[in-house]
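What follows is coords.pdb (PDB, C-alpha atoms).
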ATOM      1  CA  MET A1218     151.658  69.557  -7.856
ATOM      2  CA  THR A1219     150.570  70.072 -11.433
ATOM      3  CA  ARG A1220     150.263  67.342 -14.019
ATOM      4  CA  ASP A1221     153.473  68.632 -15.626
ATOM      5  CA  ASP A1222     155.288  68.471 -12.259
ATOM      6  CA  VAL A1223     154.231  64.844 -11.842
ATOM      7  CA  ARG A1224     155.170  64.011 -15.425
ATOM      8  CA  ALA A1225     158.614  65.567 -14.892
ATOM      9  CA  TRP A1226     159.061  63.593 -11.665
ATOM     10  CA  LEU A1227     158.155  60.332 -13.443
ATOM     11  CA  ASP A1228     160.633  61.093 -16.236
ATOM     12  CA  ARG A1229     163.344  61.702 -13.635
ATOM     13  CA  TYR A1230     162.360  58.447 -11.939
ATOM     14  CA  ILE A1231     162.997  56.517 -15.163
ATOM     15  CA  SER A1232     166.202  58.401 -15.804
ATOM     16  CA  ALA A1233     167.457  57.643 -12.264
ATOM     17  CA  TRP A1234     166.602  53.987 -12.773
ATOM     18  CA  ALA A1235     168.587  53.933 -16.015
ATOM     19  CA  SER A1236     171.615  55.687 -14.511
ATOM     20  CA  TYR A1237     171.639  54.039 -11.054
ATOM     21  CA  ASP A1238     173.202  57.301  -9.936
ATOM     22  CA  PRO A1239     172.727  57.552  -6.137
ATOM     23  CA  ALA A1240     172.336  61.353  -6.208
ATOM     24  CA  GLU A1241     169.690  61.185  -8.929
ATOM     25  CA  ILE A1242     167.753  58.485  -7.073
ATOM     26  CA  GLY A1243     168.079  60.289  -3.749
ATOM     27  CA  ASP A1244     166.883  63.561  -5.242
ATOM     28  CA  LEU A1245     163.493  62.003  -6.056
ATOM     29  CA  PHE A1246     162.637  61.320  -2.438
ATOM     30  CA  ALA A1247     162.132  63.258   0.781
ATOM     31  CA  ASP A1248     164.405  62.513   3.758
ATOM     32  CA  ASP A1249     161.692  60.528   5.514
ATOM     33  CA  ALA A1250     160.029  59.018   2.443
ATOM     34  CA  ARG A1251     158.447  55.573   2.501
ATOM     35  CA  TYR A1252     158.716  53.283  -0.517
ATOM     36  CA  ARG A1253     156.526  50.198  -0.820
ATOM     37  CA  PHE A1254     156.810  47.699  -3.647
ATOM     38  CA  HIS A1255     153.343  46.362  -2.731
ATOM     39  CA  PRO A1256     150.448  47.880  -0.799
ATOM     40  CA  SER A1257     150.952  45.170   1.846
ATOM     41  CA  ASP A1258     154.647  45.994   2.437
ATOM     42  CA  GLU A1259     156.080  47.871   5.370
ATOM     43  CA  GLY A1260     158.436  49.264   2.785
ATOM     44  CA  PHE A1261     161.720  51.104   3.059
ATOM     45  CA  VAL A1262     161.808  54.250   5.140
ATOM     46  CA  GLY A1263     164.193  57.122   4.543
ATOM     47  CA  ARG A1264     166.016  58.353   1.479
ATOM     48  CA  GLU A1265     169.206  56.415   2.231
ATOM     49  CA  ALA A1266     167.362  53.135   2.655
ATOM     50  CA  ILE A1267     165.487  53.698  -0.603
ATOM     51  CA  VAL A1268     168.659  54.499  -2.548
ATOM     52  CA  HIS A1269     170.315  51.427  -1.064
ATOM     53  CA  ALA A1270     167.328  49.240  -2.036
ATOM     54  CA  TRP A1271     167.528  50.516  -5.622
ATOM     55  CA  LEU A1272     171.276  50.044  -5.933
ATOM     56  CA  GLU A1273     171.564  46.702  -4.212
ATOM     57  CA  PRO A1274     168.202  44.990  -4.564
ATOM     58  CA  ALA A1275     169.507  41.608  -3.394
ATOM     59  CA  GLY A1276     172.181  42.940  -1.061
ATOM     60  CA  ASP A1277     174.593  43.619  -3.917
ATOM     61  CA  ALA A1278     174.556  45.125  -7.402
ATOM     62  CA  SER A1279     174.058  41.793  -9.170
ATOM     63  CA  THR A1280     170.324  42.114  -9.648
ATOM     64  CA  ARG A1281     170.297  45.619 -11.132
ATOM     65  CA  ASP A1282     168.476  45.828 -14.439
ATOM     66  CA  GLU A1283     171.021  45.785 -17.252
ATOM     67  CA  PRO A1284     171.078  48.865 -19.499
ATOM     68  CA  GLY A1285     168.949  48.425 -22.606
ATOM     69  CA  THR A1286     167.042  45.382 -21.317
ATOM     70  CA  TRP A1287     163.929  47.256 -20.219
ATOM     71  CA  GLU A1288     161.565  50.028 -21.224
ATOM     72  CA  ALA A1289     159.034  51.834 -19.110
ATOM     73  CA  HIS A1290     156.343  54.431 -19.558
ATOM     74  CA  TYR A1291     154.422  56.057 -16.726
ATOM     75  CA  GLU A1292     152.068  58.987 -16.837
ATOM     76  CA  PRO A1293     149.883  60.853 -14.368
ATOM     77  CA  PHE A1294     146.298  59.577 -14.171
ATOM     78  CA  THR A1295     145.096  61.865 -11.385
ATOM     79  CA  VAL A1296     146.744  64.815  -9.669
ATOM     80  CA  ASP A1297     144.952  65.922  -6.517
ATOM     81  CA  GLY A1298     146.886  68.434  -4.408
ATOM     82  CA  ASP A1299     149.965  66.686  -3.035
ATOM     83  CA  ARG A1300     148.658  63.279  -4.127
ATOM     84  CA  ALA A1301     149.054  61.801  -7.548
ATOM     85  CA  VAL A1302     148.492  58.467  -9.186
ATOM     86  CA  ALA A1303     150.601  57.311 -12.097
ATOM     87  CA  VAL A1304     149.811  54.467 -14.463
ATOM     88  CA  GLY A1305     151.970  52.770 -16.999
ATOM     89  CA  TRP A1306     153.816  49.700 -18.069
ATOM     90  CA  THR A1307     157.264  48.178 -17.721
ATOM     91  CA  ARG A1308     158.635  45.807 -20.340
ATOM     92  CA  TYR A1309     161.644  43.555 -19.787
ATOM     93  CA  TYR A1310     163.577  41.889 -22.577
ATOM     94  CA  THR A1311     165.756  38.808 -22.332
ATOM     95  CA  ASP A1312     168.762  40.895 -23.416
ATOM     96  CA  ALA A1313     169.797  44.269 -24.823
ATOM     97  CA  SER A1314     169.006  43.222 -28.399
ATOM     98  CA  LYS A1315     165.344  43.622 -27.331
ATOM     99  CA  SER A1316     164.354  40.824 -29.694
ATOM    100  CA  THR A1317     162.471  38.791 -27.081
ATOM    101  CA  VAL A1318     160.095  40.176 -24.462
ATOM    102  CA  GLN A1319     160.522  38.455 -21.113
ATOM    103  CA  ASN A1320     157.580  39.983 -19.323
ATOM    104  CA  VAL A1321     155.391  43.047 -19.124
ATOM    105  CA  TRP A1322     153.993  44.602 -15.966
ATOM    106  CA  ASP A1323     151.080  47.008 -15.632
ATOM    107  CA  ASN A1324     151.918  49.482 -12.883
ATOM    108  CA  VAL A1325     150.048  51.910 -10.688
ATOM    109  CA  TYR A1326     151.960  54.223  -8.371
ATOM    110  CA  LEU A1327     150.263  55.964  -5.450
ATOM    111  CA  LEU A1328     152.351  59.056  -4.781
ATOM    112  CA  GLU A1329     152.436  61.759  -2.138
ATOM    113  CA  PHE A1330     154.692  64.751  -2.565
ATOM    114  CA  GLY A1331     156.195  67.266  -0.187
ATOM    115  CA  PRO A1332     156.193  71.033  -0.788
ATOM    116  CA  ASP A1333     159.574  70.813  -2.542
ATOM    117  CA  GLY A1334     158.239  68.303  -5.099
ATOM    118  CA  ARG A1335     160.072  65.330  -3.616
ATOM    119  CA  CYS A1336     158.115  62.138  -3.101
ATOM    120  CA  ARG A1337     157.188  61.409   0.535
ATOM    121  CA  SER A1338     155.264  58.219  -0.045
ATOM    122  CA  PHE A1339     155.499  55.788  -2.930
ATOM    123  CA  THR A1340     153.294  52.702  -3.088
ATOM    124  CA  GLU A1341     153.289  50.458  -6.089
ATOM    125  CA  CYS A1342     150.595  48.046  -7.189
ATOM    126  CA  TYR A1343     151.531  46.011 -10.230
ATOM    127  CA  VAL A1344     150.251  43.034 -12.123
ATOM    128  CA  GLU A1345     152.040  40.863 -14.630
ATOM    129  CA  ARG A1346     150.449  40.420 -18.020
ATOM    130  CA  PRO A1347     149.869  36.820 -19.044
ATOM    131  CA  LYS A1348     152.333  35.676 -21.698
ATOM    132  CA  ASP A1349     149.682  35.738 -24.427
ATOM    133  CA  ARG A1350     149.049  39.430 -23.732
ATOM    134  CA  VAL A1351     152.594  40.823 -23.785
TER     135      VAL A1351
ATOM    136  CA  MET B 724     133.617  64.941  -8.958
ATOM    137  CA  THR B 725     134.662  65.782  -5.414
ATOM    138  CA  ARG B 726     136.284  63.354  -3.031
ATOM    139  CA  ASP B 727     132.919  63.136  -1.212
ATOM    140  CA  ASP B 728     131.100  62.321  -4.469
ATOM    141  CA  VAL B 729     133.567  59.537  -5.164
ATOM    142  CA  GLN B 730     133.290  58.204  -1.610
ATOM    143  CA  ARG B 731     129.497  58.084  -1.929
ATOM    144  CA  TRP B 732     129.872  56.148  -5.206
ATOM    145  CA  LEU B 733     132.266  53.693  -3.545
ATOM    146  CA  ASP B 734     129.906  53.169  -0.612
ATOM    147  CA  ALA B 735     127.024  52.605  -3.070
ATOM    148  CA  TYR B 736     129.227  50.084  -4.893
ATOM    149  CA  VAL B 737     129.698  48.066  -1.698
ATOM    150  CA  GLU B 738     125.973  48.331  -0.929
ATOM    151  CA  ALA B 739     125.102  47.095  -4.430
ATOM    152  CA  TRP B 740     127.505  44.200  -4.013
ATOM    153  CA  ARG B 741     125.825  43.337  -0.710
ATOM    154  CA  SER B 742     122.278  43.543  -2.061
ATOM    155  CA  TYR B 743     122.895  42.125  -5.553
ATOM    156  CA  ASP B 744     119.949  44.278  -6.523
ATOM    157  CA  PRO B 745     120.193  44.669 -10.325
ATOM    158  CA  ALA B 746     118.847  48.238 -10.249
ATOM    159  CA  SER B 747     121.393  49.288  -7.608
ATOM    160  CA  ILE B 748     124.252  47.765  -9.600
ATOM    161  CA  ALA B 749     123.024  49.308 -12.849
ATOM    162  CA  ASP B 750     122.690  52.713 -11.231
ATOM    163  CA  LEU B 751     126.460  52.822 -10.611
ATOM    164  CA  PHE B 752     127.358  52.648 -14.287
ATOM    165  CA  ALA B 753     126.742  54.614 -17.465
ATOM    166  CA  ALA B 754     124.978  52.785 -20.309
ATOM    167  CA  ASP B 755     128.241  52.429 -22.261
ATOM    168  CA  ALA B 756     130.520  51.805 -19.268
ATOM    169  CA  THR B 757     133.473  49.422 -19.451
ATOM    170  CA  TYR B 758     134.628  47.290 -16.517
ATOM    171  CA  ALA B 759     138.048  45.624 -16.556
ATOM    172  CA  TYR B 760     138.947  43.115 -13.848
ATOM    173  CA  GLN B 761     142.613  43.432 -14.811
ATOM    174  CA  PRO B 762     144.284  46.237 -16.753
ATOM    175  CA  TYR B 763     145.351  43.827 -19.494
ATOM    176  CA  ARG B 764     142.001  42.057 -19.868
ATOM    177  CA  ASP B 765     139.301  43.040 -22.327
ATOM    178  CA  PRO B 766     136.670  44.854 -20.303
ATOM    179  CA  VAL B 767     133.040  43.874 -19.896
ATOM    180  CA  ARG B 768     131.202  46.390 -22.102
ATOM    181  CA  GLY B 769     127.911  48.079 -21.302
ATOM    182  CA  ARG B 770     125.753  48.465 -18.202
ATOM    183  CA  ASP B 771     123.603  45.406 -18.903
ATOM    184  CA  ALA B 772     126.618  43.167 -19.409
ATOM    185  CA  ILE B 773     128.230  44.488 -16.200
ATOM    186  CA  VAL B 774     125.080  43.771 -14.175
ATOM    187  CA  ALA B 775     124.827  40.262 -15.673
ATOM    188  CA  ASP B 776     128.492  39.674 -14.873
ATOM    189  CA  TRP B 777     128.062  40.731 -11.222
ATOM    190  CA  LEU B 778     125.074  38.423 -10.836
ATOM    191  CA  GLU B 779     126.796  35.428 -12.395
ATOM    192  CA  SER B 780     128.516  33.987  -9.305
ATOM    193  CA  PRO B 781     127.412  35.995  -6.273
ATOM    194  CA  ASP B 782     129.416  36.008  -3.038
ATOM    195  CA  ALA B 783     127.390  34.600  -0.144
ATOM    196  CA  ALA B 784     126.137  37.155   2.368
ATOM    197  CA  GLY B 785     128.560  37.456   5.268
ATOM    198  CA  SER B 786     131.409  35.746   3.388
ATOM    199  CA  TRP B 787     133.177  39.002   2.560
ATOM    200  CA  ASP B 788     133.806  42.521   3.686
ATOM    201  CA  ALA B 789     135.248  45.445   1.782
ATOM    202  CA  ARG B 790     136.205  49.041   2.266
ATOM    203  CA  TYR B 791     137.321  51.373  -0.509
ATOM    204  CA  GLU B 792     138.379  54.970  -0.154
ATOM    205  CA  ALA B 793     138.730  57.832  -2.563
ATOM    206  CA  TYR B 794     142.486  58.350  -2.748
ATOM    207  CA  ALA B 795     142.733  61.051  -5.391
ATOM    208  CA  VAL B 796     140.194  62.893  -7.527
ATOM    209  CA  ASP B 797     141.007  64.941 -10.594
ATOM    210  CA  GLY B 798     138.093  66.250 -12.666
ATOM    211  CA  ASP B 799     136.142  63.252 -13.964
ATOM    212  CA  ARG B 800     138.874  60.830 -12.889
ATOM    213  CA  ALA B 801     139.358  59.226  -9.518
ATOM    214  CA  VAL B 802     141.427  56.536  -7.894
ATOM    215  CA  SER B 803     140.149  54.323  -5.130
ATOM    216  CA  VAL B 804     142.302  52.304  -2.754
ATOM    217  CA  GLY B 805     140.981  49.615  -0.488
ATOM    218  CA  GLN B 806     140.830  46.087   0.782
ATOM    219  CA  SER B 807     138.530  43.136   0.159
ATOM    220  CA  LYS B 808     138.356  40.315   2.679
ATOM    221  CA  TYR B 809     136.856  36.871   2.231
ATOM    222  CA  PHE B 810     135.932  34.647   5.146
ATOM    223  CA  GLU B 811     135.223  30.968   5.623
ATOM    224  CA  ASN B 812     133.469  29.909   8.809
ATOM    225  CA  GLY B 813     134.223  33.344  10.194
ATOM    226  CA  LYS B 814     137.967  33.002   9.561
ATOM    227  CA  LEU B 815     139.820  35.294   7.165
ATOM    228  CA  GLN B 816     140.731  33.240   4.083
ATOM    229  CA  SER B 817     142.027  35.855   1.711
ATOM    230  CA  LEU B 818     142.805  39.528   1.686
ATOM    231  CA  TYR B 819     143.119  41.583  -1.474
ATOM    232  CA  TYR B 820     144.485  45.080  -1.951
ATOM    233  CA  ASN B 821     142.563  46.888  -4.647
ATOM    234  CA  VAL B 822     143.358  49.960  -6.677
ATOM    235  CA  TRP B 823     140.664  51.173  -9.063
ATOM    236  CA  LEU B 824     141.119  53.720 -11.801
ATOM    237  CA  LEU B 825     137.738  55.339 -12.389
ATOM    238  CA  ARG B 826     136.205  57.778 -14.840
ATOM    239  CA  PHE B 827     132.780  59.319 -14.333
ATOM    240  CA  ASP B 828     130.232  61.028 -16.561
ATOM    241  CA  ALA B 829     128.404  64.272 -15.801
ATOM    242  CA  ASP B 830     125.707  62.320 -13.901
ATOM    243  CA  GLY B 831     128.288  60.808 -11.560
ATOM    244  CA  ARG B 832     127.988  57.348 -13.108
ATOM    245  CA  CYS B 833     131.114  55.380 -13.793
ATOM    246  CA  VAL B 834     132.064  55.145 -17.477
ATOM    247  CA  GLU B 835     135.370  53.342 -17.054
ATOM    248  CA  PHE B 836     136.475  50.998 -14.297
ATOM    249  CA  VAL B 837     139.919  49.393 -14.315
ATOM    250  CA  GLU B 838     141.008  47.260 -11.394
ATOM    251  CA  TYR B 839     144.498  46.389 -10.188
ATOM    252  CA  TRP B 840     144.709  44.010  -7.277
ATOM    253  CA  ARG B 841     147.170  42.040  -5.304
ATOM    254  CA  GLU B 842     146.550  39.247  -2.834
ATOM    255  CA  HIS B 843     148.162  39.487   0.573
ATOM    256  CA  PRO B 844     150.483  36.502   1.141
ATOM    257  CA  LYS B 845     148.318  33.754   2.683
ATOM    258  CA  GLU B 846     150.948  32.792   5.258
ATOM    259  CA  GLN B 847     150.999  36.359   6.609
ATOM    260  CA  LEU B 848     147.262  36.972   6.947
ATOM    261  CA  PRO B 849     146.301  39.108   9.917
ATOM    262  CA  ALA B 850     143.663  37.754  12.306
ATOM    263  CA  GLY B 851     140.002  38.614  11.631
TER     264      GLY B 851
END
For this file, write the structure as structure tokens.
Amino acid sequence: MTRDDVRAWLDRYISAWASYDPAEIGDLFADDARYRFHPSDEGFVGREAIVHAWLEPAGDASTRDEPGTWEAHYEPFTVDGDRAVAVGWTRYYTDASKSTVQNVWDNVYLLEFGPDGRCRSFTECYVERPKDRV
Amino acid sequence: MTRDDVQRWLDAYVEAWRSYDPASIADLFAADATYAYQPYRDPVRGRDAIVADWLESPDAAGSWDARYEAYAVDGDRAVSVGQSKYFENGKLQSLYYNVWLLRFDADGRCVEFVEYWREHPKEQLPAG
């Protein structure tokens, strides 16, 4: 993977998150990919399970992030063969007017890619900024 | 930096932590290095300040164990992934997952250290 490949993948990740389109989400991941929200998680295994976890985080669609209530920026920090690490931030607002920030997360993604550029392993490590730092 | 170079630096980091030898700690960092315990916190600035900060409240010998591995290396940047364990009376009390974003100078000293960490849920701690 090149830095541009990783950047393009991250942009597609954000776009899939915004669209909640199952095909777009599925296209990011290999068939047998593993997706961990925390380094300590077993995580979700397999593209279908990952898509399902995105679309129905609490067992239904009620906890999807509403359009316009969040912003995110991730960029490659290191690209090392099929491994990459992305860093960035995710900002949630109380509503789509974006007048009030609810919280901000600092994110690191540990990524491993297959030969076709799909992600085979995704592990997130994130920390919430204290309210006086958002 | 190669992955081996980064691994040697990480092993030296753990050794310096174990010894609390000021020269060993200082040797890890460039004179103008920055060290952030959280990505959103203002970093400790400068080698001398970093050494002083490490020495401020030392962990007792035998009360912790840590292992960090070079996960990805890209020019002067590297990412380390690992675990830190703290024990009380020989029993595991807390387990942290650590991700470090590192930048090195031409001498292989760290110029920028940014830590992300997450504590393993206490009720699900593995034995030992």
Task: Å distance separating CA of Pro1293 in chain A from CA of Tyr1230 in chain A, one decimal place - done: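 That distance, rounded to one decimal, is 12.9 Å.
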Open item on the list: Env of Cys1336 in chain A: 8 Å cut, atoms = all atoms listed in the file, seq-sep filter 5 positions within chain, self excluded. Answer as an MDAnalysis selection string.
Closed with: chainID A and resid 1245:1247 1250 1328:1331
Write out, as a PDB file, in the frame of the given file, the residues just selected, with C-alpha atoms.
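Ended up saving to selection-v4.pdb:
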ATOM      1  CA  LEU A1245     163.493  62.003  -6.056  1.00  0.00           C
ATOM      2  CA  PHE A1246     162.637  61.320  -2.438  1.00  0.00           C
ATOM      3  CA  ALA A1247     162.132  63.258   0.781  1.00  0.00           C
ATOM      4  CA  ALA A1250     160.029  59.018   2.443  1.00  0.00           C
ATOM      5  CA  LEU A1328     152.351  59.056  -4.781  1.00  0.00           C
ATOM      6  CA  GLU A1329     152.436  61.759  -2.138  1.00  0.00           C
ATOM      7  CA  PHE A1330     154.692  64.751  -2.565  1.00  0.00           C
ATOM      8  CA  GLY A1331     156.195  67.266  -0.187  1.00  0.00           C
TER       9      GLY A1331
END
Open item on the list: For a quick test of understanding: name the residues of chain B lying within 7 Å of chain A when counting all atoms listed in the file, and present them as a ChimeraX atom specification.
Closed with: /B:762-763,795-797,800-801,820,839,843
TODO: Quick one: pull the distance between CA of Asn1320 in chain A and CA of Ile1242 in chain A, Å, one decimal.
DONE: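 The value is 24.4 Å.
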- [ ] Report as a PyMOL selection string the residues that result from applying the PyMOL selection byres ((chain B and resi 740) around 12) to the structure here.
- [x] chain B and resi 733-739+741-749+751+774+776-778+780-790+807
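Within the file as shown, the PyMOL selection byres ((chain A and resi 1264-1266) around 9) identifies Ile1242, Gly1243, Asp1244, Leu1245, Phe1246, Ala1247, Asp1248, Asp1249, Ala1250, Arg1251, Phe1261, Val1262, Gly1263, Ile1267, Val1268, His1269, Ala1270 and Trp1271 of chain A.
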- [ ] Name every residue that the PyMOL selection byres ((chain B and resi 753) around 12) selects in this structure, writing the answer as a VMD selection string with chains first and numbers rising.
- [x] chain B and resid 748 to 752 754 to 758 768 to 774 826 to 836
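Atom pair CA of Tyr1309 in chain A / CA of Ala759 in chain B has a distance of 23.9 Å (rounded to one decimal).
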Task: Who sits within 7 Å of range 1280-1287 of chain A, only C-alpha atoms, same chain under 4 positions skipped, as a ChimeraX atom specification - done: /A:1235,1272,1274-1275,1308-1313,1315
Specify the axis-aligned box that encloses all atoms of range 1285-1300 of chain A listed in the file after padding of 8 Å on each side, stating its centre and edge lengths in Å to one decimal as AutoDock Vina command-line options.
--center_x 157.0 --center_y 56.9 --center_z -12.8 --size_x 40.0 --size_y 39.1 --size_z 35.6
